[in-house]
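One file, query26.tsv, carrying TSV, C-alpha atoms:
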```
chain	number	residue	atom	x	y	z
A	931	MET	CA	-22.84	26.91	49.59
A	932	ASN	CA	-20.58	29.65	48.17
A	933	GLN	CA	-22.98	32.50	48.87
A	934	ALA	CA	-19.97	34.82	48.74
A	935	PHE	CA	-19.50	33.82	45.12
A	936	ILE	CA	-23.05	33.54	43.84
A	937	HIS	CA	-25.34	36.00	45.56
A	938	SER	CA	-26.79	38.70	43.38
A	939	HIS	CA	-26.52	42.40	44.12
A	940	SER	CA	-28.81	43.45	41.29
A	941	ASP	CA	-31.94	41.39	41.92
A	942	PRO	CA	-34.50	42.89	44.31
A	943	ALA	CA	-35.13	41.18	47.63
A	944	PRO	CA	-38.42	39.29	47.92
A	945	THR	CA	-41.24	40.86	49.87
A	946	SER	CA	-41.46	38.14	52.53
A	947	THR	CA	-39.57	35.16	53.87
A	948	ARG	CA	-42.40	32.84	52.80
A	949	THR	CA	-42.30	34.15	49.22
A	950	PHE	CA	-38.52	33.93	49.14
A	951	PHE	CA	-38.57	30.34	50.42
A	952	GLY	CA	-41.25	29.25	47.97
A	953	GLN	CA	-39.42	30.74	44.99
A	954	THR	CA	-36.12	29.23	46.13
A	955	MET	CA	-37.61	25.75	46.49
A	956	GLY	CA	-39.21	26.06	43.06
A	957	TYR	CA	-35.87	26.92	41.47
A	958	LEU	CA	-34.20	24.10	43.44
A	959	ALA	CA	-36.72	21.59	42.06
A	960	LEU	CA	-36.08	22.94	38.55
A	961	ALA	CA	-32.32	22.52	38.98
A	962	LEU	CA	-32.61	18.95	40.26
A	963	THR	CA	-34.87	18.05	37.33
A	964	ALA	CA	-32.34	19.51	34.89
A	965	THR	CA	-29.55	17.55	36.60
A	966	ALA	CA	-31.47	14.29	36.29
A	967	SER	CA	-31.97	15.06	32.59
A	968	GLY	CA	-28.23	15.71	32.21
A	969	VAL	CA	-27.41	12.40	33.89
A	970	PHE	CA	-29.77	10.42	31.64
A	971	ALA	CA	-28.44	12.19	28.54
A	972	GLY	CA	-24.87	11.44	29.54
A	973	MET	CA	-25.60	7.79	30.29
A	974	PHE	CA	-27.10	7.27	26.83
A	975	TRP	CA	-24.86	9.51	24.72
A	976	LEU	CA	-21.38	9.35	26.28
A	977	PRO	CA	-19.34	6.31	25.13
A	978	PRO	CA	-17.96	4.07	27.94
A	979	ALA	CA	-14.38	4.61	26.78
A	980	LEU	CA	-14.76	8.33	27.32
A	981	LEU	CA	-16.01	7.84	30.88
A	982	ALA	CA	-12.82	5.95	31.75
A	983	ASN	CA	-10.51	8.54	30.16
A	984	SER	CA	-8.36	10.54	32.62
A	985	GLY	CA	-8.39	13.59	30.38
A	986	PHE	CA	-12.18	13.58	30.29
A	987	MET	CA	-12.34	13.26	34.07
A	988	LEU	CA	-9.99	16.23	34.46
A	989	ALA	CA	-12.09	18.26	32.01
A	990	MET	CA	-15.28	17.44	33.96
A	991	PHE	CA	-13.60	18.48	37.20
A	992	ALA	CA	-12.45	21.76	35.63
A	993	VAL	CA	-15.92	22.45	34.20
A	994	THR	CA	-17.48	21.87	37.63
A	995	LEU	CA	-15.14	24.35	39.31
A	996	ILE	CA	-15.65	26.97	36.60
A	997	LEU	CA	-19.44	26.68	36.85
A	998	ILE	CA	-19.40	26.93	40.64
A	999	PHE	CA	-17.13	29.94	40.86
A	1000	THR	CA	-18.74	31.87	37.99
A	1001	ALA	CA	-22.31	31.23	39.09
A	1002	ARG	CA	-22.67	34.70	40.59
A	1003	LYS	CA	-21.92	36.37	37.28
A	1004	TRP	CA	-24.25	34.27	35.15
A	1005	SER	CA	-27.18	33.85	37.54
A	1006	VAL	CA	-28.08	37.54	37.81
A	1007	GLY	CA	-30.61	39.33	35.66
A	1008	ARG	CA	-33.89	38.52	34.00
A	1009	PHE	CA	-32.77	35.24	32.44
A	1010	GLY	CA	-31.01	33.81	35.47
A	1011	TYR	CA	-33.32	30.80	35.48
A	1012	LEU	CA	-32.02	29.82	32.04
A	1013	PHE	CA	-28.50	29.77	33.44
A	1014	LEU	CA	-29.79	27.65	36.32
A	1015	ILE	CA	-31.18	25.05	33.91
A	1016	LEU	CA	-28.00	25.01	31.80
A	1017	PHE	CA	-25.77	24.95	34.88
A	1018	ALA	CA	-27.68	22.04	36.44
A	1019	GLY	CA	-27.81	20.07	33.19
A	1020	ILE	CA	-24.06	20.35	32.64
A	1021	LEU	CA	-23.39	19.41	36.26
A	1022	GLY	CA	-25.53	16.32	35.66
A	1023	LEU	CA	-23.17	15.34	32.84
A	1024	THR	CA	-20.18	15.68	35.18
A	1025	LEU	CA	-21.80	13.14	37.53
A	1026	VAL	CA	-22.02	10.44	34.88
A	1027	PRO	CA	-18.47	9.01	35.35
A	1028	ILE	CA	-18.86	8.38	39.09
A	1029	LEU	CA	-22.39	7.03	38.65
A	1030	ALA	CA	-21.20	4.64	35.95
A	1031	TYR	CA	-18.26	3.53	38.09
A	1032	ALA	CA	-20.48	2.98	41.13
A	1033	THR	CA	-22.94	0.91	39.10
A	1034	LEU	CA	-20.20	-1.26	37.60
A	1035	THR	CA	-18.42	-1.91	40.90
A	1036	ALA	CA	-21.29	-2.16	43.38
A	1037	GLY	CA	-24.50	-2.55	41.37
A	1038	ILE	CA	-27.25	-0.08	40.65
A	1039	GLY	CA	-28.67	-0.47	44.15
A	1040	ILE	CA	-25.88	1.66	45.61
A	1041	LEU	CA	-27.28	4.68	43.77
A	1042	GLY	CA	-30.64	4.32	45.49
A	1043	LYS	CA	-28.99	3.92	48.89
A	1044	ALA	CA	-26.82	6.99	48.34
A	1045	LEU	CA	-29.79	9.05	47.18
A	1046	LEU	CA	-31.89	7.99	50.19
A	1047	ALA	CA	-29.03	8.85	52.55
A	1048	THR	CA	-28.58	12.21	50.84
A	1049	VAL	CA	-32.27	13.13	51.05
A	1050	SER	CA	-32.35	12.13	54.72
A	1051	MET	CA	-29.24	14.09	55.68
A	1052	PHE	CA	-30.13	17.09	53.53
A	1053	GLY	CA	-33.60	17.20	55.07
A	1054	GLY	CA	-32.26	16.83	58.58
A	1055	MET	CA	-29.72	19.62	58.19
A	1056	ALA	CA	-32.35	21.81	56.52
A	1057	ILE	CA	-34.60	21.41	59.57
A	1058	TYR	CA	-31.68	22.20	61.85
A	1059	GLY	CA	-30.83	25.30	59.85
A	1060	PHE	CA	-34.44	26.47	60.06
A	1061	THR	CA	-35.00	25.80	63.74
A	1062	THR	CA	-31.69	26.42	65.51
A	1063	LYS	CA	-31.32	29.59	67.55
A	1064	ARG	CA	-27.58	29.53	67.00
A	1065	ASP	CA	-26.19	31.98	64.47
A	1066	LEU	CA	-24.44	29.83	61.85
A	1067	SER	CA	-22.97	32.71	59.88
A	1068	GLY	CA	-19.75	32.39	61.85
A	1069	ILE	CA	-18.96	28.96	60.43
A	1070	GLY	CA	-19.08	30.19	56.83
A	1071	GLY	CA	-15.37	30.97	56.76
A	1072	PHE	CA	-14.42	27.55	58.14
A	1073	LEU	CA	-16.67	25.83	55.60
A	1074	MET	CA	-15.12	27.77	52.73
A	1075	ALA	CA	-11.60	26.98	53.99
A	1076	GLY	CA	-12.52	23.30	54.10
A	1077	LEU	CA	-13.90	23.46	50.57
A	1078	ILE	CA	-10.74	25.09	49.22
A	1079	GLY	CA	-8.63	22.50	51.03
A	1080	MET	CA	-10.59	19.65	49.45
A	1081	ILE	CA	-10.21	21.18	46.00
A	1082	CYS	CA	-6.45	21.48	46.49
A	1083	VAL	CA	-6.15	17.86	47.64
A	1084	SER	CA	-8.19	16.67	44.64
A	1085	VAL	CA	-6.02	18.62	42.18
A	1086	ILE	CA	-2.75	17.42	43.73
A	1087	THR	CA	-3.76	13.76	43.79
A	1088	PHE	CA	-5.02	13.94	40.21
A	1089	ILE	CA	-1.70	15.41	39.05
A	1090	PHE	CA	0.16	12.57	40.79
A	1091	HIS	CA	-2.19	10.11	39.07
A	1092	LEU	CA	-1.37	11.56	35.64
A	1093	PHE	CA	2.32	10.87	36.33
A	1094	GLY	CA	1.60	7.30	37.42
A	1095	VAL	CA	2.02	7.93	41.15
A	1096	GLU	CA	-0.88	6.55	43.19
A	1097	ILE	CA	-1.11	8.03	46.69
A	1098	TRP	CA	-4.80	7.30	47.13
A	1099	SER	CA	-6.22	4.29	48.96
A	1100	SER	CA	-9.57	3.07	50.20
A	1101	ARG	CA	-8.75	4.30	53.71
A	1102	ILE	CA	-7.83	7.76	52.44
A	1103	GLU	CA	-10.97	7.80	50.31
A	1104	LEU	CA	-13.10	6.99	53.36
A	1105	ILE	CA	-11.54	9.83	55.33
A	1106	PHE	CA	-11.74	12.29	52.46
A	1107	SER	CA	-15.33	11.41	51.58
A	1108	GLY	CA	-16.36	11.46	55.24
A	1109	PHE	CA	-14.95	14.96	55.57
A	1110	GLY	CA	-16.83	15.97	52.42
A	1111	ILE	CA	-20.08	14.65	53.87
A	1112	LEU	CA	-19.60	16.68	57.06
A	1113	LEU	CA	-18.58	19.75	55.08
A	1114	PHE	CA	-21.64	19.84	52.83
A	1115	ALA	CA	-23.95	18.90	55.67
A	1116	GLY	CA	-22.63	22.04	57.36
A	1117	PHE	CA	-23.12	24.08	54.20
A	1118	THR	CA	-26.73	22.85	54.01
A	1119	ALA	CA	-27.60	24.04	57.52
A	1120	HIS	CA	-25.72	27.31	56.95
A	1121	ASP	CA	-27.48	28.07	53.66
A	1122	PHE	CA	-30.95	27.12	54.89
A	1123	GLN	CA	-30.56	29.52	57.80
A	1124	LYS	CA	-29.82	32.28	55.30
A	1125	ILE	CA	-33.12	31.54	53.57
A	1126	THR	CA	-35.04	32.03	56.80
A	1127	ARG	CA	-33.58	35.51	57.05
A	1128	ALA	CA	-34.13	36.39	53.37
A	1129	GLN	CA	-31.22	38.80	53.46
A	1130	PRO	CA	-31.43	41.80	51.10
A	1131	GLY	CA	-29.39	41.39	47.93
A	1132	ILE	CA	-29.72	37.59	47.79
A	1133	SER	CA	-32.07	36.44	45.03
A	1134	PRO	CA	-34.11	33.20	45.10
A	1135	ILE	CA	-32.10	31.93	42.12
A	1136	SER	CA	-28.74	32.41	43.82
A	1137	ALA	CA	-30.10	30.84	47.01
A	1138	ALA	CA	-31.37	27.88	44.98
A	1139	ILE	CA	-27.97	27.43	43.34
A	1140	SER	CA	-26.34	27.26	46.76
A	1141	LEU	CA	-28.78	24.62	48.01
A	1142	PHE	CA	-28.53	22.74	44.73
A	1143	LEU	CA	-24.75	22.51	45.04
A	1144	ASP	CA	-25.09	21.43	48.66
A	1145	PHE	CA	-27.40	18.58	47.64
A	1146	VAL	CA	-25.44	17.39	44.61
A	1147	LEU	CA	-22.04	17.50	46.30
A	1148	LEU	CA	-23.42	15.85	49.44
A	1149	PHE	CA	-24.77	13.05	47.25
A	1150	GLN	CA	-21.45	12.74	45.45
A	1151	TYR	CA	-19.44	12.34	48.65
A	1152	ILE	CA	-21.94	9.94	50.21
A	1153	LEU	CA	-21.70	7.83	47.05
A	1154	ARG	CA	-17.90	7.93	47.13
A	1155	PHE	CA	-17.97	6.90	50.78
A	1156	MET	CA	-20.23	3.94	49.99
A	1157	ILE	CA	-18.02	2.89	47.07
A	1158	ALA	CA	-14.96	2.90	49.33
A	1159	MET	CA	-16.85	0.89	51.95
A	1160	ASN	CA	-17.88	-1.61	49.29
A	1161	ARG	CA	-14.26	-2.02	48.16
A	1162	ASP	CA	-13.21	-2.87	51.70
```

Show me this structure written as structure tokens.
Amino acid sequence: MNQAFIHSHSDPAPTSTRTFFGQTMGYLALALTATASGVFAGMFWLPPALLANSGFMLAMFAVTLILIFTARKWSVGRFGYLFLILFAGILGLTLVPILAYATLTAGIGILGKALLATVSMFGGMAIYGFTTKRDLSGIGGFLMAGLIGMICVSVITFIFHLFGVEIWSSRIELIFSGFGILLFAGFTAHDFQKITRAQPGISPISAAISLFLDFVLLFQYILRFMIAMNRD
């Protein structure tokens, strides 16, 4: 996801597709481990009252956007992997409110179901991205437009919420989350195809950040979809 924002122009291209893929997967595993650490830290250290605070939720949303759209700047250079660890750990903290809400409303089992669904879909789209003969670069613009549209909808509905106007419902949440699932499934296939080509100017760290965001956001929208289904 967001290769236009996060690819590096200063890091040298890897010598082979196999080397590039191996390094990317290693950085992806590192990022997911850091995210899990961030989640556990947040669960133990953040007070429950803070997790239910609208201001805190808005701050977490803002932090997520800032991290995503500044990733290109901070991931370049010799110490890019340190940014990756910090970035993933902070993003893990931003997941704590929705994980806590899901556990309270539907039980801890919903987290396992959402994770299993995410791994299955992520793996399936990764295989498609690797094996398809179709050039997926053309859908990048549509995916980015969809992402920007979802961000705008989220901001608008949150502003209405702050003023006491609720325009959200379980049906809208199902539609919105379903669209998010399709969007990040598409990003996954698109970004994995880029790895197979190991394009010059794209570093393994920036590629790993893209796949990491695809996985985390896919998980988030699958979880939201399951929560909405559980409410109904």

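One finds CA of Ala1115 in chain A at 23.0 Å from CA of Gly1039 in chain A.
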
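Pairwise distance (CA of Leu1012 in chain A, CA of Ile1132 in chain A) equals 17.7 Å.
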
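Straight-line separation from CA of Lys1043 in chain A to CA of Ala971 in chain A: 22.0 Å.
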
Requested in this report: Would you mind listing what lies within 10 Å of Phe1072 in chain A as a ChimeraX atom specification, with all atoms listed in the file counted and same-chain residues fewer than 4 positions away left out?
Outcome: /A:1068,1076-1078,1113,1116

Query raised in the report: Which residues come within 12 Å of Ile1086 in chain A, counting only C-alpha atoms, excluding same-chain residues fewer than 3 positions away, as number ranges by chain?
Result: A: 988, 1079-1083, 1089-1093, 1095-1098

Report task. Kindly extract all protein, DNA and RNA residues lying within 7 Å of the coordinates (-32.8, 24.4, 41.4) given in the file, considering only C-alpha atoms, and supply them as number ranges by chain. Result -> A: 956-962, 1014, 1138-1139, 1142

Preceding selection exported with C-alpha atoms as a PDB file, keeping the file's coordinate frame:
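Saved as selection22.pdb:
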```
ATOM      1  CA  GLY A 956     -39.210  26.060  43.060  1.00  0.00           C
ATOM      2  CA  TYR A 957     -35.870  26.920  41.470  1.00  0.00           C
ATOM      3  CA  LEU A 958     -34.200  24.100  43.440  1.00  0.00           C
ATOM      4  CA  ALA A 959     -36.720  21.590  42.060  1.00  0.00           C
ATOM      5  CA  LEU A 960     -36.080  22.940  38.550  1.00  0.00           C
ATOM      6  CA  ALA A 961     -32.320  22.520  38.980  1.00  0.00           C
ATOM      7  CA  LEU A 962     -32.610  18.950  40.260  1.00  0.00           C
ATOM      8  CA  LEU A1014     -29.790  27.650  36.320  1.00  0.00           C
ATOM      9  CA  ALA A1138     -31.370  27.880  44.980  1.00  0.00           C
ATOM     10  CA  ILE A1139     -27.970  27.430  43.340  1.00  0.00           C
ATOM     11  CA  PHE A1142     -28.530  22.740  44.730  1.00  0.00           C
TER      12      PHE A1142
END
```

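With all atoms listed in the file taken into account, the protein and nucleic acid residues at most 7 Å from range 1027-1038 of chain A (excluding it and anything under 3 positions from it in its own chain) are Leu981, Thr1024, Leu1041, Ile1157 and Asn1160 of chain A.
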